[in-house]
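With mmCIF, C-alpha atoms inside, this is coords05.cif:
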```cif
data_coords
loop_
_atom_site.group_PDB
_atom_site.id
_atom_site.type_symbol
_atom_site.label_atom_id
_atom_site.label_comp_id
_atom_site.auth_asym_id
_atom_site.auth_seq_id
_atom_site.Cartn_x
_atom_site.Cartn_y
_atom_site.Cartn_z
ATOM 1 C CA MET A 11 118.150 100.633 -9.495
ATOM 2 C CA ASN A 12 114.619 102.053 -9.609
ATOM 3 C CA PRO A 13 112.637 100.062 -7.032
ATOM 4 C CA ASN A 14 109.507 100.362 -9.162
ATOM 5 C CA TRP A 15 111.286 99.100 -12.277
ATOM 6 C CA ALA A 16 109.550 95.719 -12.269
ATOM 7 C CA GLU A 17 106.119 97.210 -11.629
ATOM 8 C CA GLU A 18 106.517 99.856 -14.331
ATOM 9 C CA ASN A 19 107.701 97.329 -16.897
ATOM 10 C CA LEU A 20 104.810 95.011 -16.129
ATOM 11 C CA GLN A 21 102.392 97.934 -16.437
ATOM 12 C CA THR A 22 103.863 98.821 -19.829
ATOM 13 C CA ILE A 23 103.516 95.242 -21.020
ATOM 14 C CA ARG A 24 99.920 95.061 -19.785
ATOM 15 C CA THR A 25 98.994 98.377 -21.461
ATOM 16 C CA LEU A 26 100.470 97.264 -24.777
ATOM 17 C CA MET A 27 98.676 93.918 -24.527
ATOM 18 C CA GLU A 28 95.321 95.539 -23.879
ATOM 19 C CA ARG A 29 95.712 98.136 -26.611
ATOM 20 C CA SER A 30 96.585 95.557 -29.230
ATOM 21 C CA ALA A 31 93.999 93.058 -28.079
ATOM 22 C CA VAL A 32 91.653 92.278 -30.883
ATOM 23 C CA TYR A 33 88.171 91.411 -29.818
ATOM 24 C CA ARG A 34 87.885 87.692 -30.480
ATOM 25 C CA ARG A 35 85.395 86.718 -27.885
ATOM 26 C CA ALA A 36 82.770 84.207 -28.942
ATOM 27 C CA LEU A 37 82.487 85.662 -32.462
ATOM 28 C CA THR A 38 81.808 82.287 -34.089
ATOM 29 C CA PRO A 39 78.923 81.177 -31.836
ATOM 30 C CA VAL A 40 77.456 84.708 -31.862
ATOM 31 C CA MET A 41 77.414 84.795 -35.654
ATOM 32 C CA ILE A 42 75.937 81.313 -35.950
ATOM 33 C CA PHE A 43 73.305 82.060 -33.302
ATOM 34 C CA SER A 44 72.377 85.399 -34.898
ATOM 35 C CA GLY A 45 72.282 83.848 -38.354
ATOM 36 C CA ALA A 46 70.007 81.019 -37.264
ATOM 37 C CA LEU A 47 67.758 83.523 -35.499
ATOM 38 C CA GLY A 48 67.667 85.774 -38.581
ATOM 39 C CA MET A 49 66.634 82.878 -40.822
ATOM 40 C CA ALA A 50 64.028 81.663 -38.319
ATOM 41 C CA GLY A 51 62.738 85.216 -37.935
ATOM 42 C CA ALA A 52 62.300 85.677 -41.673
ATOM 43 C CA LEU A 53 60.402 82.399 -42.016
ATOM 44 C CA ALA A 54 58.314 82.960 -38.875
ATOM 45 C CA GLY A 55 57.432 86.551 -39.759
ATOM 46 C CA ARG A 56 56.226 85.526 -43.162
ATOM 47 C CA ALA A 57 54.325 82.544 -41.810
ATOM 48 C CA LEU A 58 52.638 84.756 -39.182
ATOM 49 C CA ASN A 59 51.665 87.156 -41.973
ATOM 50 C CA ILE A 60 53.103 90.276 -40.311
ATOM 51 C CA ASN A 61 52.481 92.721 -43.138
ATOM 52 C CA SER A 62 52.112 96.178 -41.598
ATOM 53 C CA PRO A 63 55.183 98.459 -41.261
ATOM 54 C CA ARG A 64 54.569 98.856 -37.513
ATOM 55 C CA GLY A 65 54.203 95.094 -37.082
ATOM 56 C CA PHE A 66 57.350 94.571 -39.170
ATOM 57 C CA ILE A 67 59.336 96.983 -36.994
ATOM 58 C CA CYS A 68 58.029 95.485 -33.732
ATOM 59 C CA PHE A 69 58.647 91.943 -34.919
ATOM 60 C CA TRP A 70 62.217 92.550 -36.045
ATOM 61 C CA GLY A 71 62.866 94.728 -32.985
ATOM 62 C CA SER A 72 61.945 91.704 -30.877
ATOM 63 C CA VAL A 73 64.186 89.448 -32.946
ATOM 64 C CA ALA A 74 67.045 91.944 -32.544
ATOM 65 C CA PHE A 75 66.475 92.036 -28.778
ATOM 66 C CA VAL A 76 66.629 88.230 -28.567
ATOM 67 C CA ALA A 77 69.773 88.241 -30.742
ATOM 68 C CA LEU A 78 71.448 90.815 -28.487
ATOM 69 C CA ALA A 79 70.451 88.974 -25.307
ATOM 70 C CA GLY A 80 71.653 85.644 -26.680
ATOM 71 C CA SER A 81 74.919 87.158 -27.868
ATOM 72 C CA PHE A 82 75.435 88.755 -24.459
ATOM 73 C CA LEU A 83 74.973 85.389 -22.752
ATOM 74 C CA LEU A 84 77.327 83.627 -25.190
ATOM 75 C CA ILE A 85 80.021 86.246 -24.685
ATOM 76 C CA ARG A 86 79.586 86.169 -20.911
ATOM 77 C CA ARG A 87 79.778 82.373 -20.884
ATOM 78 C CA GLN A 88 83.030 82.453 -22.824
ATOM 79 C CA ALA A 89 84.478 85.129 -20.542
ATOM 80 C CA LEU A 90 83.648 83.054 -17.438
ATOM 81 C CA LYS A 91 85.060 79.916 -19.052
ATOM 82 C CA ASP A 92 88.353 81.656 -19.802
ATOM 83 C CA ALA A 93 88.415 83.436 -16.428
ATOM 84 C CA GLU A 94 88.548 86.805 -18.182
ATOM 85 C CA PRO A 95 86.646 89.954 -17.259
ATOM 86 C CA PHE A 96 83.469 90.403 -19.308
ATOM 87 C CA TRP A 97 83.761 94.184 -19.596
ATOM 88 C CA SER A 98 87.339 94.173 -20.886
ATOM 89 C CA PRO A 99 88.957 97.069 -22.792
ATOM 90 C CA PRO A 100 88.447 95.361 -26.191
ATOM 91 C CA THR A 101 84.762 94.718 -25.318
ATOM 92 C CA ARG A 102 84.332 98.395 -24.408
ATOM 93 C CA ARG A 103 85.912 99.545 -27.672
ATOM 94 C CA VAL A 104 83.732 97.255 -29.786
ATOM 95 C CA THR A 105 80.567 98.375 -27.940
ATOM 96 C CA GLN A 106 81.463 102.050 -28.407
ATOM 97 C CA ALA A 107 82.029 101.466 -32.118
ATOM 98 C CA PHE A 108 78.703 99.653 -32.538
ATOM 99 C CA LEU A 109 76.550 102.156 -30.667
ATOM 100 C CA PRO A 110 76.130 105.167 -32.998
ATOM 101 C CA PRO A 111 74.847 103.334 -36.121
ATOM 102 C CA LEU A 112 72.694 100.959 -34.074
ATOM 103 C CA ALA A 113 71.269 103.833 -32.042
ATOM 104 C CA ALA A 114 70.504 105.709 -35.285
ATOM 105 C CA GLY A 115 68.697 102.674 -36.700
ATOM 106 C CA PHE A 116 66.760 102.176 -33.491
ATOM 107 C CA MET A 117 65.664 105.819 -33.212
ATOM 108 C CA ILE A 118 64.683 106.110 -36.886
ATOM 109 C CA SER A 119 62.657 102.905 -36.603
ATOM 110 C CA ILE A 120 60.880 104.149 -33.449
ATOM 111 C CA ALA A 121 60.146 107.491 -35.134
ATOM 112 C CA ILE A 122 58.641 105.760 -38.171
ATOM 113 C CA ALA A 123 56.670 103.324 -36.011
ATOM 114 C CA LEU A 124 55.222 106.188 -33.905
ATOM 115 C CA ARG A 125 54.219 108.229 -36.964
ATOM 116 C CA LEU A 126 52.405 105.413 -38.691
ATOM 117 C CA GLY A 127 48.697 105.797 -38.385
ATOM 118 C CA SER A 128 45.876 103.444 -39.349
ATOM 119 C CA ALA A 129 46.530 104.335 -43.013
ATOM 120 C CA GLN A 130 50.002 102.920 -42.600
ATOM 121 C CA GLU A 131 51.737 105.638 -44.586
ATOM 122 C CA VAL A 132 55.113 107.007 -43.736
ATOM 123 C CA GLU A 133 54.352 110.595 -42.866
ATOM 124 C CA LEU A 134 57.924 111.853 -43.105
ATOM 125 C CA GLN A 135 58.412 110.961 -46.737
ATOM 126 C CA ASN A 136 54.791 110.589 -47.854
ATOM 127 C CA LEU A 137 55.771 107.651 -49.966
ATOM 128 C CA GLY A 138 53.180 105.074 -49.010
ATOM 129 C CA ARG A 139 53.218 101.860 -47.038
ATOM 130 C CA THR A 140 54.899 99.502 -49.431
ATOM 131 C CA ILE A 141 57.897 101.763 -50.007
ATOM 132 C CA SER A 142 58.507 102.152 -46.293
ATOM 133 C CA MET A 143 58.484 98.382 -45.935
ATOM 134 C CA LEU A 144 61.438 98.200 -48.286
ATOM 135 C CA TRP A 145 63.383 101.160 -46.983
ATOM 136 C CA LEU A 146 63.284 99.835 -43.430
ATOM 137 C CA PRO A 147 65.143 96.553 -44.016
ATOM 138 C CA LEU A 148 67.598 98.169 -46.443
ATOM 139 C CA GLY A 149 68.255 101.012 -44.025
ATOM 140 C CA TRP A 150 68.840 98.519 -41.220
ATOM 141 C CA VAL A 151 71.215 96.514 -43.432
ATOM 142 C CA ILE A 152 73.272 99.609 -44.297
ATOM 143 C CA LEU A 153 73.427 100.927 -40.714
ATOM 144 C CA TYR A 154 74.331 97.479 -39.389
ATOM 145 C CA GLY A 155 77.092 97.316 -42.009
ATOM 146 C CA CYS A 156 78.412 100.656 -40.754
ATOM 147 C CA ALA A 157 78.369 99.290 -37.193
ATOM 148 C CA LEU A 158 80.268 96.154 -38.236
ATOM 149 C CA HIS A 159 82.852 98.200 -40.095
ATOM 150 C CA ALA A 160 83.396 100.526 -37.134
ATOM 151 C CA ALA A 161 83.759 97.592 -34.748
ATOM 152 C CA GLY A 162 86.024 95.843 -37.242
ATOM 153 C CA PHE A 163 88.922 98.123 -36.309
ATOM 154 C CA PHE A 164 89.094 96.219 -33.005
ATOM 155 C CA MET A 165 88.170 92.804 -34.319
ATOM 156 C CA PRO A 166 89.452 90.356 -36.920
ATOM 157 C CA ARG A 167 89.881 92.039 -40.285
ATOM 158 C CA SER A 168 87.140 89.932 -41.876
ATOM 159 C CA VAL A 169 84.511 91.766 -39.794
ATOM 160 C CA LYS A 170 85.254 94.953 -41.737
ATOM 161 C CA MET A 171 84.790 93.064 -44.986
ATOM 162 C CA LEU A 172 81.458 91.746 -43.735
ATOM 163 C CA GLY A 173 80.509 95.326 -42.894
ATOM 164 C CA TRP A 174 81.343 96.415 -46.436
ATOM 165 C CA ALA A 175 79.254 93.541 -47.825
ATOM 166 C CA PHE A 176 76.263 94.829 -45.836
ATOM 167 C CA VAL A 177 76.784 98.464 -46.823
ATOM 168 C CA LEU A 178 77.365 97.783 -50.512
ATOM 169 C CA GLY A 179 74.629 95.155 -50.701
ATOM 170 C CA GLY A 180 72.068 97.395 -49.037
ATOM 171 C CA THR A 181 73.064 100.406 -51.146
ATOM 172 C CA VAL A 182 72.957 98.512 -54.434
ATOM 173 C CA LEU A 183 69.563 96.989 -53.636
ATOM 174 C CA PHE A 184 68.161 100.497 -53.135
ATOM 175 C CA GLU A 185 68.711 101.076 -56.833
ATOM 176 C CA PHE A 186 66.806 98.021 -57.920
ATOM 177 C CA GLY A 187 63.113 97.568 -57.470
ATOM 178 C CA VAL A 188 61.308 94.545 -56.213
ATOM 179 C CA PRO A 189 62.090 91.474 -58.330
ATOM 180 C CA THR A 190 59.237 90.347 -60.545
ATOM 181 C CA GLY A 191 57.094 87.628 -59.060
ATOM 182 C CA LEU A 192 57.779 88.747 -55.507
ATOM 183 C CA SER A 193 55.560 90.993 -53.401
ATOM 184 C CA ARG A 194 57.126 93.888 -51.488
ATOM 185 C CA ILE A 195 56.522 92.306 -48.115
ATOM 186 C CA ASP A 196 58.015 89.014 -49.291
ATOM 187 C CA TYR A 197 61.033 90.895 -50.623
ATOM 188 C CA ALA A 198 61.451 92.676 -47.284
ATOM 189 C CA TYR A 199 61.565 89.314 -45.511
ATOM 190 C CA VAL A 200 63.959 87.923 -48.134
ATOM 191 C CA ILE A 201 66.306 90.871 -47.493
ATOM 192 C CA MET A 202 66.196 90.328 -43.730
ATOM 193 C CA GLY A 203 66.590 86.566 -44.056
ATOM 194 C CA PHE A 204 69.515 86.888 -46.445
ATOM 195 C CA PHE A 205 71.535 89.599 -44.713
ATOM 196 C CA PHE A 206 70.777 88.811 -41.070
ATOM 197 C CA GLY A 207 70.385 85.080 -41.612
ATOM 198 C CA VAL A 208 72.379 83.600 -44.480
ATOM 199 C CA LEU A 209 75.310 86.048 -44.367
ATOM 200 C CA HIS A 210 75.719 85.670 -40.608
ATOM 201 C CA LEU A 211 75.604 81.879 -40.848
ATOM 202 C CA ALA A 212 78.120 81.894 -43.704
ATOM 203 C CA TYR A 213 80.462 84.168 -41.767
ATOM 204 C CA GLY A 214 80.109 82.021 -38.654
ATOM 205 C CA ALA A 215 80.970 78.925 -40.697
ATOM 206 C CA TYR A 216 83.967 80.738 -42.201
ATOM 207 C CA LEU A 217 85.210 81.721 -38.727
ATOM 208 C CA TYR A 218 84.711 78.183 -37.433
ATOM 209 C CA TRP A 219 86.730 76.565 -40.217
ATOM 210 C CA THR A 220 89.517 79.129 -40.229
ATOM 211 C CA GLU A 221 89.896 79.029 -36.430
ATOM 212 C CA LYS A 222 89.925 75.237 -36.594
ATOM 213 C CA GLY A 223 92.677 75.377 -39.192
ATOM 214 C CA LYS A 224 94.757 77.795 -37.111
ATOM 215 C CA ASN A 225 94.396 75.710 -33.945
ATOM 216 C CA ALA A 226 95.342 72.551 -35.825
ATOM 217 C CA ALA A 227 98.466 74.271 -37.139
ATOM 218 C CA MET B 11 106.230 86.763 -26.027
ATOM 219 C CA SER B 12 105.892 90.410 -24.935
ATOM 220 C CA MET B 13 106.451 91.586 -28.487
ATOM 221 C CA LEU B 14 103.921 89.151 -29.899
ATOM 222 C CA ALA B 15 101.386 90.061 -27.204
ATOM 223 C CA ALA B 16 101.594 93.686 -28.306
ATOM 224 C CA SER B 17 101.004 92.980 -32.011
ATOM 225 C CA PRO B 18 98.570 90.883 -34.030
ATOM 226 C CA GLU B 19 101.598 89.364 -35.818
ATOM 227 C CA LEU B 20 105.261 90.059 -36.392
ATOM 228 C CA SER B 21 107.711 88.989 -39.051
ATOM 229 C CA PHE B 22 110.746 86.898 -38.168
ATOM 230 C CA THR B 23 113.143 89.652 -39.233
ATOM 231 C CA GLU B 24 111.313 92.297 -37.165
ATOM 232 C CA MET B 25 111.656 90.167 -34.053
ATOM 233 C CA ARG B 26 115.251 89.234 -34.791
ATOM 234 C CA ASP B 27 116.264 92.875 -35.225
ATOM 235 C CA ALA B 28 114.326 94.153 -32.221
ATOM 236 C CA LEU B 29 115.665 91.445 -29.931
ATOM 237 C CA ALA B 30 119.173 91.572 -31.398
ATOM 238 C CA MET B 31 119.296 87.798 -31.716
ATOM 239 C CA THR B 32 120.800 85.542 -34.347
ATOM 240 C CA ASP B 33 118.576 83.632 -36.754
ATOM 241 C CA GLY B 34 119.382 80.322 -35.123
ATOM 242 C CA ASN B 35 118.824 81.573 -31.602
ATOM 243 C CA LEU B 36 115.436 83.092 -32.408
ATOM 244 C CA THR B 37 114.366 80.019 -34.391
ATOM 245 C CA THR B 38 115.097 77.817 -31.372
ATOM 246 C CA HIS B 39 112.930 79.981 -29.118
ATOM 247 C CA ILE B 40 110.078 80.178 -31.617
ATOM 248 C CA ARG B 41 110.196 76.436 -32.202
ATOM 249 C CA ALA B 42 109.904 75.774 -28.473
ATOM 250 C CA LEU B 43 106.916 78.106 -28.184
ATOM 251 C CA GLN B 44 105.363 76.570 -31.274
ATOM 252 C CA GLN B 45 105.712 73.071 -29.839
ATOM 253 C CA GLU B 46 103.862 74.218 -26.728
ATOM 254 C CA GLY B 47 101.117 75.633 -28.910
ATOM 255 C CA TYR B 48 101.731 79.228 -27.847
ATOM 256 C CA VAL B 49 102.900 80.614 -31.189
ATOM 257 C CA ALA B 50 101.608 80.040 -34.723
ATOM 258 C CA VAL B 51 104.079 80.422 -37.585
ATOM 259 C CA ALA B 52 102.918 81.249 -41.097
ATOM 260 C CA LYS B 53 105.106 81.177 -44.178
ATOM 261 C CA SER B 54 104.196 83.193 -47.243
ATOM 262 C CA PHE B 55 105.760 85.324 -49.943
ATOM 263 C CA GLN B 56 105.980 89.079 -50.181
ATOM 264 C CA ASN B 57 107.415 90.656 -53.332
ATOM 265 C CA ARG B 58 108.601 87.166 -54.313
ATOM 266 C CA ARG B 59 110.637 86.867 -51.113
ATOM 267 C CA PRO B 60 109.795 84.362 -48.411
ATOM 268 C CA LEU B 61 108.118 85.890 -45.375
ATOM 269 C CA THR B 62 107.755 84.162 -42.031
ATOM 270 C CA THR B 63 105.343 85.668 -39.540
ATOM 271 C CA CYS B 64 104.559 84.691 -36.003
ATOM 272 C CA ALA B 65 101.481 85.320 -33.916
ATOM 273 C CA LEU B 66 100.328 84.269 -30.488
ATOM 274 C CA THR B 67 97.681 81.577 -30.414
ATOM 275 C CA ALA B 68 94.720 81.798 -28.039
ATOM 276 C CA ALA B 69 96.556 79.428 -25.689
ATOM 277 C CA GLY B 70 99.645 81.587 -25.954
ATOM 278 C CA ARG B 71 97.755 84.771 -25.115
ATOM 279 C CA LYS B 72 96.122 83.125 -22.149
ATOM 280 C CA ALA B 73 99.393 81.658 -20.872
ATOM 281 C CA PHE B 74 101.175 84.994 -21.223
ATOM 282 C CA ALA B 75 98.358 86.873 -19.473
ATOM 283 C CA GLU B 76 98.561 84.372 -16.590
ATOM 284 C CA TYR B 77 102.324 84.834 -16.491
ATOM 285 C CA ILE B 78 101.940 88.624 -16.276
ATOM 286 C CA ASN B 79 99.316 88.229 -13.533
ATOM 287 C CA LEU B 80 101.708 86.022 -11.578
ATOM 288 C CA LEU B 81 104.578 88.490 -11.927
ATOM 289 C CA GLU B 82 102.332 91.339 -10.790
ATOM 290 C CA GLN B 83 101.297 89.304 -7.728
ATOM 291 C CA ILE B 84 104.943 88.657 -6.881
ATOM 292 C CA VAL B 85 105.796 92.353 -7.209
ATOM 293 C CA ARG B 86 102.854 93.296 -4.965
ATOM 294 C CA GLN B 87 103.909 90.724 -2.390
ATOM 295 C CA THR B 88 107.479 91.990 -2.292
ATOM 296 C CA LYS B 89 106.274 95.550 -1.817
ATOM 297 C CA LYS B 90 104.262 94.664 1.302
#
```
This entry written out as structure tokens:
Amino acid sequence: MNPNWAEENLQTIRTLMERSAVYRRALTPVMIFSGALGMAGALAGRALNINSPRGFICFWGSVAFVALAGSFLLIRRQALKDAEPFWSPPTRRVTQAFLPPLAAGFMISIAIALRLGSAQEVELQNLGRTISMLWLPLGWVILYGCALHAAGFFMPRSVKMLGWAFVLGGTVLFEFGVPTGLSRIDYAYVIMGFFFGVLHLAYGAYLYWTEKGKNAA
Amino acid sequence: MSMLAASPELSFTEMRDALAMTDGNLTTHIRALQQEGYVAVAKSFQNRRPLTTCALTAAGRKAFAEYINLLEQIVRQTKK
């Protein structure tokens, strides 16, 4: 009998487990936290009257940073609670999937922010301030949807559907102008509050109730 | 448990055929795991035929991972 038989079989089992592991860590609290932050950000940004494109980018960049930091802490807390490694193979795969679209969104936003002068026009497209205000949130929504969809291959299937909702929603809204009765800056905040606030909260609530149902069964 | 740990979910017939077990034998094992909260069983229909699928619960995944860790420790100890 092969003396390493037991070790090799255990290694095979462990490899198969890790490959099939779907990233489930702390998704519900992360979504609820991010959703609450998105809603609060939309209300706060509007209340603080942050109207310039550069201010808009800096404000939402800060909100995104807080969301990422909070999500990191939630995930780490759950990993410690379950005595699991934080930087597990599923975590690595999800991070790798998220990076390209998020990096693209970050770099495009930085490029636009750096090019904005006192006239607050978008030099690249020469379209004027108010247009750039709208293209920023919609671009972020679409790129974030792409990130969700990519990560969804290693996460519960519903994450991919959420990604599609972001991509399709952002794309469709590009076709329509600003609704009557709403200013462009208000519409930009509505877009951010809806996609990064309401949708995240709704998805978090969905995850909470479906997980509760599964555990009860 | 190894089969379920390697897949998000498996049908009853897939497990029965892979493990070469009888229906009754497999049902007994699944029921025991279900009672411990390690396996979740879902019944649905596919092409108008009943379909029973099984998946590990979070508790089941954790328990199995601990079991594998323990076995690996034992193997390492015996090698020393």
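Proximity to chain A was assessed for B:Gln44, B:Ser21, B:Thr32, B:Asn57 counting only C-alpha atoms; the smallest distance is recorded for B:Gln44.
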Give me the residues of chain B that have any atom at most 12 Å from an atom of chain A; for each, the nearest atom pair and the distance in Å, rounded to one decimal. Use all atoms listed in the file, sort by chain and number, and format it as a tab-separated table.
```
residue	atom	partner	partner_atom	distance
B:Met11	CA	A:Ile23	CA	10.2
B:Ser12	CA	A:Ile23	CA	6.7
B:Met13	CA	A:Ile23	CA	8.8
B:Leu14	CA	A:Met27	CA	8.9
B:Ala15	CA	A:Met27	CA	5.4
B:Ala16	CA	A:Met27	CA	4.8
B:Ser17	CA	A:Ser30	CA	5.8
B:Pro18	CA	A:Ser30	CA	7.0
B:Glu19	CA	A:Ser30	CA	10.3
B:Gln44	CA	A:Ala227	CA	9.3
B:Gln45	CA	A:Ala227	CA	10.4
B:Glu46	CA	A:Ala227	CA	11.7
B:Gly47	CA	A:Asn225	CA	8.4
B:Tyr48	CA	A:Asn225	CA	10.2
B:Val49	CA	A:Ala227	CA	9.8
B:Ala50	CA	A:Ala227	CA	7.0
B:Val51	CA	A:Ala227	CA	8.3
B:Ala52	CA	A:Ala227	CA	9.2
B:Lys53	CA	A:Ala227	CA	11.9
B:Ala65	CA	A:Lys224	CA	10.6
B:Leu66	CA	A:Lys224	CA	10.8
B:Thr67	CA	A:Asn225	CA	7.6
B:Ala68	CA	A:Asn225	CA	8.5
B:Ala69	CA	A:Asn225	CA	9.3
B:Gly70	CA	A:Asn225	CA	11.2
B:Arg71	CA	A:Met27	CA	9.2
B:Lys72	CA	A:Asp92	CA	8.2
B:Ala73	CA	A:Asp92	CA	11.1
B:Phe74	CA	A:Met27	CA	9.8
B:Ala75	CA	A:Arg24	CA	8.3
B:Glu76	CA	A:Ala93	CA	10.2
B:Tyr77	CA	A:Leu20	CA	10.5
B:Ile78	CA	A:Leu20	CA	7.0
B:Asn79	CA	A:Leu20	CA	9.1
B:Leu80	CA	A:Leu20	CA	10.5
B:Leu81	CA	A:Leu20	CA	7.8
B:Glu82	CA	A:Leu20	CA	6.9
B:Gln83	CA	A:Glu17	CA	10.0
B:Ile84	CA	A:Glu17	CA	9.9
B:Val85	CA	A:Glu17	CA	6.6
B:Arg86	CA	A:Glu17	CA	8.4
B:Gln87	CA	A:Glu17	CA	11.5
B:Thr88	CA	A:Pro13	CA	10.7
B:Lys89	CA	A:Asn14	CA	9.4
```
Near range 158-164 of chain A, within 9 Å and counting all atoms listed in the file, which residues show up once chain neighbours fewer than 2 positions away are dropped, as a PDB file with C-alpha atoms, in the coordinates of the input?
```
ATOM      1  CA  SER A  30      96.585  95.557 -29.230  1.00  0.00           C
ATOM      2  CA  ALA A  31      93.999  93.058 -28.079  1.00  0.00           C
ATOM      3  CA  VAL A  32      91.653  92.278 -30.883  1.00  0.00           C
ATOM      4  CA  TYR A  33      88.171  91.411 -29.818  1.00  0.00           C
ATOM      5  CA  ARG A  34      87.885  87.692 -30.480  1.00  0.00           C
ATOM      6  CA  PRO A 100      88.447  95.361 -26.191  1.00  0.00           C
ATOM      7  CA  THR A 101      84.762  94.718 -25.318  1.00  0.00           C
ATOM      8  CA  ARG A 103      85.912  99.545 -27.672  1.00  0.00           C
ATOM      9  CA  VAL A 104      83.732  97.255 -29.786  1.00  0.00           C
ATOM     10  CA  THR A 105      80.567  98.375 -27.940  1.00  0.00           C
ATOM     11  CA  GLN A 106      81.463 102.050 -28.407  1.00  0.00           C
ATOM     12  CA  ALA A 107      82.029 101.466 -32.118  1.00  0.00           C
ATOM     13  CA  PHE A 108      78.703  99.653 -32.538  1.00  0.00           C
ATOM     14  CA  LEU A 153      73.427 100.927 -40.714  1.00  0.00           C
ATOM     15  CA  TYR A 154      74.331  97.479 -39.389  1.00  0.00           C
ATOM     16  CA  GLY A 155      77.092  97.316 -42.009  1.00  0.00           C
ATOM     17  CA  CYS A 156      78.412 100.656 -40.754  1.00  0.00           C
ATOM     18  CA  PRO A 166      89.452  90.356 -36.920  1.00  0.00           C
ATOM     19  CA  ARG A 167      89.881  92.039 -40.285  1.00  0.00           C
ATOM     20  CA  SER A 168      87.140  89.932 -41.876  1.00  0.00           C
ATOM     21  CA  VAL A 169      84.511  91.766 -39.794  1.00  0.00           C
ATOM     22  CA  LYS A 170      85.254  94.953 -41.737  1.00  0.00           C
ATOM     23  CA  MET A 171      84.790  93.064 -44.986  1.00  0.00           C
ATOM     24  CA  LEU A 172      81.458  91.746 -43.735  1.00  0.00           C
ATOM     25  CA  GLY A 173      80.509  95.326 -42.894  1.00  0.00           C
ATOM     26  CA  TRP A 174      81.343  96.415 -46.436  1.00  0.00           C
ATOM     27  CA  PHE A 176      76.263  94.829 -45.836  1.00  0.00           C
TER      28      PHE A 176
END
```
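Omitting Arg56 in chain A and its sequence neighbours fewer than 2 positions away, and counting only C-alpha atoms, the residues within 10 Å are Ala50, Gly51, Ala52, Leu53, Ala54, Leu58, Asn59, Ile60, Asn61, Phe66, Ile195, Asp196, Ala198, Tyr199 and Val200 of chain A.
Between CA of Phe204 in chain A and CA of Leu78 in chain A the interatomic distance comes to 18.5 Å.
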Legend entry - Ground truth for the PyMOL selection byres ((chain A and resi 184-189) around 12), written as a count of residues only: 31
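Atom pair CA of Phe75 in chain A / CA of Val208 in chain A: separated by 18.8 Å.
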Inset, instruction - May I have the residues within 12 Å of Tyr216 in chain A as a VMD selection string, using only C-alpha atoms and disregarding those fewer than 2 positions away in the same chain? - result: chain A and resid 37 to 39 41 to 42 168 to 169 172 209 to 214 218 to 223
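Minimum atom-to-atom distances from B:Met31, B:Lys90, B:Cys64, B:Thr23 to Leu43 in chain B were compared using only C-alpha atoms, and the lowest value belongs to B:Cys64.
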Legend entry - Distance of CA of Ala36 in chain A from CA of Leu90 in chain A, expressed in Å to one decimal place: 11.6 Å
I'd like the box whose edges run along x, y and z of the file and which contains every listed atom of range 158-171 of chain A, padded by 4 Å per side; could you state its centre and edge lengths in Å, one decimal, as JSON?
```
{"center_x": 85.1, "center_y": 95.2, "center_z": -39.0, "size_x": 17.6, "size_y": 18.6, "size_z": 20.0}
```
